[in-house]
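Student: Structure provided below as structure tokens; questions to follow.
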Amino acid sequence: YETKTMPKDYQYLKYAYLISEYIASNTILFRDKKEKIKFNPFTAYGRFGLKSGSFNILSLMKDKRIYVKPESTDYIFCEFDFNAFEIRTLFALLKIKQPEDDLYEVLFSLEKNHNHSRFEYKQLILKSIYSQHEDITILGSLLKHKHFYNMYPIMDSKVTNIFGKGMDTDHFHLLSRILQSSAAYILYQQMYKLLCYIKQNNLKSKISFSIHDSICLSIHKSETDKI
């Protein structure tokens with residue numbers, strides 16, 4: 001890098017790379033067969049992809065995940081994820097104080113229309129982010145009130161998130177690009193802190209894999225209190 005321009009998001013690419021190499025050095029069991037997960041940290045929109053030859057953890061159906069196990073009976077799996085991670089990321093970008101309660105419940109309580117269950121309302125919120133239809137939820141009102149789209153102008157069909165990640169986009173995909181990439185970089189930062197904690201304390205527990213906003217750990221049975 002002495003003779004080349006370092007990318008603005010280098011620090012987060014470094015986190016993603018180190019985590020991907022660490023995860024690839026470990027194994028999991030699927031139907032009692034050893035498998036390796038090889039993440040690609042250098043994707044177009046920030047989230048982990050998969051390298052050729054990797055176990056396809058990202059597309060594994062939920063009913064099949066029960067067949068994924070730690071490499072030894074000395075370990076147990078434990079999965080942690082963020083509550084409404086991408087919506088909370090949006091709140092942070094808009095400088096809105098994070099509610100401590102379930103975020104979907106909080107947003108739902110602000111709506112005038114209460115004809116949905118929590119599950120249905122969550123799907124409505126997510127659909128509003130990842131579709132080309134106008135957002136009719138309270139989230140759409142917040143985006144307009146906080147001038148979100150003025151914060152992320154599209155220049156030459158590209159947009160850059162606050163971490164320096166540049167991406168191709170158009171108006172319809174801008175919100176999802178910003179939220180997915182920003183959330184991914186936050187996750188890498190937190191996973192790296194966790195990896196440092198494991199290494200610094202010489203723990204046997206391991207980070208096994210990540211699925212979008214969740215982290216799955218192989219926890220050694222003697223270290224459940226520490227993790």
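Ordered as shown in the structure tokens, chains take letters A, B, and onward, while each chain numbers its residues from 1 and ligands are numbered from 1 in the order shown.
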Leaving out region 4-12 of chain A and any residue of its chain fewer than 6 positions from it, which residues lie within 12 Å of it when counting only C-alpha atoms, given as a list of chain:residue names?

Tutor: A:Leu18, A:Ile19, A:Pro41, A:Phe42, A:Gly46, A:Arg47, A:Thr160, A:Asn161, A:Ile162, A:Phe163, A:Gly164, A:Lys165, A:Gly166, A:Met167, A:Ser181, A:Ser182, A:Ala183, A:Ala184, A:Tyr185, A:Ile186, A:Leu187, A:Tyr188, A:Gln189, A:Gln190, A:Met191, A:Tyr192

Student: Which is closest to Asp32 (chain A) among A:Leu58, A:Met155, A:Ile66, A:Ile198, if we use only C-alpha atoms?

Tutor: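 Ranked by minimum distance to Asp32 (chain A), first place goes to A:Ile66.
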
Student: Please report, as a list in words, each residue of region 43-193 of chain A to which DSSP assigns strand (DSSP E or B) when run on this structure's backbone.

Tutor: Gly49, Leu50, Val68, Lys69, Tyr75, Ile76, Phe77, Cys78, Glu79, Phe80, Asp81, Met155, Lys158, Val159, Thr160, Gly166, Met167 and Asp168 of chain A

Student: Please report the interatomic distance between CA of Phe82 (chain A) and CA of Val159 (chain A) in Å with one decimal.

Tutor: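 Interatomic distance, CA of Phe82 (chain A) to CA of Val159 (chain A): 25.3 Å.
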
Student: Please report, as a PyMOL selection string, each residue of region 34-156 of chain A to which DSSP assigns alpha helix (DSSP H) when run on this structure's backbone.

Tutor: chain A and resi 85-93+103-110+118-129+138-145+148-151

Student: Name the closest residue to Arg65 (chain A) among the candidates A:Phe30, A:Phe39, A:Tyr149, A:Tyr17; distances are taken between atoms, counting only C-alpha atoms.

Tutor: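 Closest residue, counting only C-alpha atoms: A:Phe30.
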
Student: Could you name the residues that touch Lys34 (chain A) at 10 Å or less, counting only C-alpha atoms, but leaving out those on the same chain fewer than 5 positions away, as a ChimeraX atom specification?

Tutor: /A:26-29,55,68-71
